[in-house]
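So the structure is just underneath, and the comments pick up after that.
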Amino acid sequence: MARALDAPRVNLLLADDVGLGKTIEAGLVAQELLLRNRARRVMIVCPAGLTLKWRDEMAEKFGLDFTIVDTERCAVVRRTYGSAANPFQVYPLTIVSLPWLRGQKAQRLLDEVLDPAGLERRFDLLILDEAHHVAPAAPKQVYAVDSQQTRLVRRLAPHFTHRLFLSATPHNGYQASFTALLEILDDQRFARGVTPDPAAVKETVVRRLKRHIVDGKGKKRFLERAAHAVPVLYPDDEREVHGLLKEFAALRRARLNRSRKGRKAADLVTLLLKKRLFSSPAAFAHTVGVYLSTVTSTAQAASDENDEDDEIPDWMEEYWGDIVDLDDEPLAEAEDAAVGMAAPLQGAATKEEVALLTRMRGWALDYASAPDAKARELITYLRAVCRPDKDWTNERVVVFTEYRDTQKWLAELLRQEDLAGDRLAILHGGIAADEREQLRIAFQTDPAEHPVRVLLATDAASEGIDLQNHCHRLVNYDIPFNPNKLEQRIGRVDRWGQKHNPEIRHFVGTGWEKAVDSYEADLEFLSRVAGKVAQMEEDLGSVNAVLAEAVQRRMLGDISDYDMERAAARESRQTVQAETNVGEQVRRLRANLDDTVRELGITPAKVRRVVDTALDLARQQPLRVHVDDKHLADGLHDVQPLTGSWERATAGLAGKLRRSGEPPRQRPVTFDEKATLDPRGRVRDDVVLAHLNHPLVAMSTRLLRTAVSNPEVGLHRVTAVVSDDPALETVLVGAFFRFVLVGGDGVRLHEEVLHAGGWIPENGRFRRLENLTVLGGLLDRALTGGTPASAPVRHRLAGLWPKVGEAVLQSIDWRVDGKDQKRDQLERKLVQRMEAEQGRVADNLARFETALRARLAENEDEDALFSRIEAAQSKEELDQYRKDRRSWEDRLSRLAEERDRELETIASRYRAPQPHRFPVAVVFVVPKREATR
């Protein structure tokens with residue numbers, strides 16, 4: 001956040017490890033920009049399954065009211081505001097799912113509000129979650145080509161002043177894809193296809209790994225993972241079906257040896273069949289059935305075997321990149337479609353091939369309602385952990401699988417084993433967002449309060465869902481060929497707040513070390529991939545793409561083994577470098593935070609006092625002490641029913657978990673963050689932290705601010721207290737006032753509550769107290785520990801005011817305009833800030849210009865690349881390359897004009913700042929010895 005606020009424009013890629021809290025980091029930046037009036041309109045773009053989570057996190061943690069814009073919301077807007085109303089104009093804070101944003105309706109609505117010329121940025125902050133989804137896919141030939149999502153966000157991003165991208169895996173191992181993502185983030189530093197300046201990358205990309213995160217004392221905040229391979233003794237029939245698949249693949253390879261596209265299609269089908277075989281008999285039966293029905297159809301028999309075109313279709317080249325973001329049902333549909341499109345490219349199947357497919361399908365159907373060897377091991381493990389006897393323990397386990405077919409099959413097996421009922425929850429991509437959120441909340445709830453113990457999840461639950469509160473055991477029932485999915489799965493339990501060492505399990509054949517046959521060897525290879533990811537010994541960011549390719553080659557038999565250690569060392573050069581000095585940063589920022597809290601006096605007691613005062617002024621019922629029977633925590637309060645507009649202050653207090661037949665439970669609030677933790681240090685879900693932006697506190701502070709200038713509210717702006725502070729020489733008067741400095745563009749550059757004042761001796765001649773530290777201490781101690789002055793004392797002080805009032809106002813003027821006082825200090829600081837911002841912009845653009853000129857000057861290399869693209873005969877890649885080269889030339893021609901415009905924008909913000917002063921309160925402090933006279 002500190003890095004974001006120091007920049008004239010926020011352009012950051014938050015690339016922290018899975019589970020480190022990127023959502024919270026983004027919320028902190030958004031809130032600070034809003035508070036500083038540097039942003040008003042914010043849009044969050046995220047996967048569809050995370051919209052509710054983003055909305056709730058922003059509301060609970062920051063008090064920010066975001067609206068999810070979708071088809072249903074658009075209908076509400078039309079009914080409420082008229083048929084021409086646009087939700088992006090009605091709501092300043094919006095959340096949009098990436099799939100919905102791709103639709104024509106969303107694009108039309110955006111066209112209505114965006115500046116077609118691109119000169120005016122009509123939005124302020126874009127937060128893009130899971131940003132790796134919009135990077136171009138890894139190139140299959142030479143040059144990465146923009147996807148639909150890349151083009152979509154590339155069009156949208158320039159209309160935002162600030163951009164914040166979030167991704168735990170920003171680098172897929174291909175520099176062209178990474179630079180394309182960086183260009184969308186900040187086109188004043190990066191260009192697609194141009195080697196980025198390392199200094200610019202370091203300033204733009206924030207990456208920290210769990211193993212580097214420590215507390216203020218240097219202690220690691222994340223526990224070590226424990227990876228376990230569960231041995232499985234596979235019976236002969238399961239080995240046999242793998243042998244049949246191997247024989248089937250060999251037959252087709254031999255038949256299609258002279259056809260490039262035929263062999264490529266055969267390999268694709270082999271990979272899909274092997275993936276599903278290693279998942280479950282149910283998943284395998286599905287794909288074998290789809291393929292068998294395709295190859296035996298009359299259309300397949302009449303396929304064009306004499307087709308002289310042997311080019312590999314684009315869809316097949318791009319298949320693995322296209323499905324990387326799919327899960328469960330969409331993944332199954334894509335695989336079914338691929339099997340169907342691949343079949344005609346292989347010619348008519350032989351009788352031997354059909355016979356082998358039929359035998360394999362028969363084997364899979366035999367296990368339709370019975371466990372295979374791996375499923376039996378899973379059942380044994382779940383029973384040992386969750387139900388070792390007739391009673392259930394309080395332990396929880398999440399089991400991940402790639403396929404819905406496997407998930408349904410496992411669910412039925414668990415029902416047969418009496419491991420289901422309300423103890424089993426099922427999570428997949430077809431579940432509605434609200435139901436999905438209820439399931440997540442149930443799994444995060446204390447096991448003593450909710451019966452669920454086992455969660456069967458597909459990869460639809462592997463991004464952005466927190467499952468760590470009461471679960472540290474995760475089973476990868478199958479191992480995806482893409483290691484990124486493994487890391488995302490593990491991140492559900494290995495994340496901030498986990499209090500146990502995460503236990504990650506996968507399966508491996510018992511005889512692999514003896515190399516019995518290729519079945520165990522294949523499973524052992526996948527086991528090593530799973531172990532490598534689970535151990536998290538190094539940053540595998542760009543290595544995962546290489547591992548994914550190695551998995552495919554190993555499953556096809558093209559390679560016998562793969563040195564993962566050497567690959568990790570080689571590819572680490574492509575990985576976004578992580579910051580390692582996190583401990584020192586934490587200590588420094590912690591000290592700054594503690595100083596700020598001390599200076600502003602933001603203590604639980606003082607925040608509680610603000611709320612108590614506001615509720616009293618608004619004639620609402622006071623807070624009531626809550627008795628915590630569960631953990632005996634102090635500092636909890638029940639919010640009694642509030643009326644009128646104050647009902648909004650209770651938003652979010654109702655328990656999130658809906659229980660059948662029961663009204664929602666209202667949770668108590670606390671002003672002390674320590675009271676939100678249980679004895680084991682876990683965040684409690686039955687207590688709400690009333691932070692400064694919580695609706696209850698925010699409404700209270702708004703009312704008190706209003707009272708400063710509105711006498712009808714009933715809050716007095718003058719008070720007199722009696723103090724026995726030995727430092728009091730005589731009667732002290734202090735004045736508090738808001739000081740605001742507004743820049744040339746109307747944005748507040750600075751806002752602060754200041755104090756000034758001095759002594760009122762018996763002769764009535766005011767004497768200014770210029771030591772502001774002493775003055776502040778006297779006032780603070782008096783307001784905290786003093787007692788209200790009596791009526792006669794107040795009457796006497798009121799009589800003094802006409803004599804000293806003007807002098808007190810002059811002390812305020814001195815505090816602002818005096819030599820080396822606030823205005824001088826601020827003007828020097830603002831000049832320094834303006835020069836620093838202008839210098840940074842000029843330096844960034846100068847370095848970018850140098851990089852562009854160098855790239856355009858590389859004629860020899862360009863010609864070689866151009867020739868390679870032509871040789872690959874990829875028109876799409878050739879078009880993309882030409883488009884990028886024209887873009888470099890265009891950017892270079894506009895840089896000077898862009899630099900002048902940016903520098904003038906910064907200068908106008910700081911030009912002729914206007915000071916404003918607003919009175920807040922006057923405090924008289926009377927020594928106890930004088931109050932008795």
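Residues in the structure tokens are named by chain (A, B, ... in the order shown) and by number from 1 within that chain; ligands are numbered from 1 in the order shown.
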
If we count only C-alpha atoms and set the cut-off at 12 Å, which residues sit around Glu904 (chain A), ignoring sequence neighbours fewer than 3 positions away in its own chain? Please answer as a ChimeraX atom specification. /A:744-745,834-835,837-838,841-842,897-901,907-911

Once you have the residues from the selection above, write them out as a short mmCIF file (atom, residue, chain, number, x, y, z; two decimals), in the first residue's frame, restricted to N, CA and C atoms.
```cif
data_model
loop_
_atom_site.label_atom_id
_atom_site.label_comp_id
_atom_site.auth_asym_id
_atom_site.auth_seq_id
_atom_site.Cartn_x
_atom_site.Cartn_y
_atom_site.Cartn_z
N GLY A 744 -5.14 22.55 -7.14
CA GLY A 744 -5.69 23.29 -8.27
C GLY A 744 -6.79 22.54 -9.00
N ASP A 745 -6.79 21.18 -8.91
CA ASP A 745 -7.83 20.41 -9.59
C ASP A 745 -9.00 20.08 -8.67
N MET A 834 5.50 16.97 -5.61
CA MET A 834 5.24 17.24 -7.02
C MET A 834 6.48 16.93 -7.86
N GLU A 835 7.63 17.42 -7.39
CA GLU A 835 8.86 17.18 -8.14
C GLU A 835 9.20 15.70 -8.21
N GLU A 837 7.00 13.19 -8.12
CA GLU A 837 6.05 12.55 -9.03
C GLU A 837 6.41 12.87 -10.48
N GLN A 838 6.73 14.12 -10.76
CA GLN A 838 7.10 14.49 -12.13
C GLN A 838 8.39 13.79 -12.54
N VAL A 841 7.63 10.12 -13.37
CA VAL A 841 6.98 9.97 -14.67
C VAL A 841 7.98 10.19 -15.81
N ALA A 842 8.77 11.26 -15.71
CA ALA A 842 9.75 11.56 -16.76
C ALA A 842 10.77 10.43 -16.88
N GLU A 897 4.43 13.89 -26.38
CA GLU A 897 3.15 14.54 -26.07
C GLU A 897 2.56 13.98 -24.78
N GLU A 898 2.67 12.68 -24.61
CA GLU A 898 2.14 12.03 -23.41
C GLU A 898 2.88 12.49 -22.16
N ARG A 899 4.21 12.67 -22.28
CA ARG A 899 5.00 13.13 -21.14
C ARG A 899 4.57 14.54 -20.73
N ASP A 900 4.41 15.42 -21.70
CA ASP A 900 4.00 16.79 -21.38
C ASP A 900 2.62 16.81 -20.71
N ARG A 901 1.72 15.97 -21.20
CA ARG A 901 0.37 15.93 -20.64
C ARG A 901 0.39 15.42 -19.19
N ALA A 907 1.34 18.96 -12.26
CA ALA A 907 1.56 20.36 -11.86
C ALA A 907 0.25 21.05 -11.51
N SER A 908 -0.81 20.78 -12.27
CA SER A 908 -2.10 21.43 -12.01
C SER A 908 -2.68 20.99 -10.68
N ARG A 909 -2.37 19.78 -10.27
CA ARG A 909 -2.88 19.28 -9.00
C ARG A 909 -2.28 20.06 -7.83
N TYR A 910 -1.03 20.45 -7.94
CA TYR A 910 -0.34 21.11 -6.83
C TYR A 910 -0.28 22.63 -6.99
N ARG A 911 -0.83 23.15 -8.09
CA ARG A 911 -0.71 24.57 -8.37
C ARG A 911 -1.64 25.38 -7.46
#
```

With 9 Å as the cut-off and only C-alpha atoms counted, what is the closest atom pair between each nearby residue of region 201-302 of chain A and region 347-371 of chain A? Distances in Å to one decimal, ordered by chain and number, as CSV.
```
residue,atom,partner,partner_atom,distance
A:Asp237,CA,A:Trp363,CA,8.1
A:Glu238,CA,A:Trp363,CA,8.5
A:Val241,CA,A:Met360,CA,6.0
A:His242,CA,A:Met360,CA,8.8
A:Leu244,CA,A:Leu356,CA,6.4
A:Leu245,CA,A:Met360,CA,7.6
A:Glu247,CA,A:Leu356,CA,8.2
A:Phe248,CA,A:Glu353,CA,6.0
A:Ala249,CA,A:Glu353,CA,8.9
A:Leu251,CA,A:Glu353,CA,7.3
A:Arg252,CA,A:Glu353,CA,7.8
A:Leu256,CA,A:Gly347,CA,8.6
A:Gly262,CA,A:Gly347,CA,7.8
A:Leu277,CA,A:Ala364,CA,8.8
A:Ser280,CA,A:Ala364,CA,8.5
A:Pro281,CA,A:Ala364,CA,4.7
A:Ala282,CA,A:Ala368,CA,6.3
A:Ala283,CA,A:Ala364,CA,8.7
A:Phe284,CA,A:Ala364,CA,6.6
A:Ala285,CA,A:Ala364,CA,5.2
A:His286,CA,A:Arg361,CA,8.5
A:Val288,CA,A:Arg361,CA,6.0
A:Gly289,CA,A:Arg361,CA,6.7
A:Tyr291,CA,A:Leu357,CA,8.5
A:Leu292,CA,A:Leu357,CA,6.6
A:Val295,CA,A:Ala349,CA,6.1
A:Thr296,CA,A:Ala349,CA,7.5
A:Gln300,CA,A:Ala348,CA,6.0
A:Ala301,CA,A:Ala348,CA,5.1
A:Ala302,CA,A:Ala348,CA,7.6
```

Across A:Lys261, A:Arg847, A:Arg239, A:Arg221, the smallest distance to Asp197 (chain A), with only C-alpha atoms counted, is shown by A:Arg847

Rank nothing, just name the residue among A:Leu593, A:Ala144, A:Leu657, A:Leu715 nearest to Glu449 (chain A), using only C-alpha atoms.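 Ranking A:Leu593, A:Ala144, A:Leu657, A:Leu715 by distance to Glu449 (chain A), first place goes to A:Leu657.
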
All helix (DSSP H, G or I) residues (DSSP, backbone) inside region 731-850 of chain A, as number ranges by chain: A: 772-785, 791-817, 822-850

* Would you list the contacts of region 396-411 of chain A as a count of residues only, taking every protein, DNA or RNA residue within 9 Å and counting only C-alpha atoms, but skipping same-chain residues closer than 2 positions in sequence? => 59
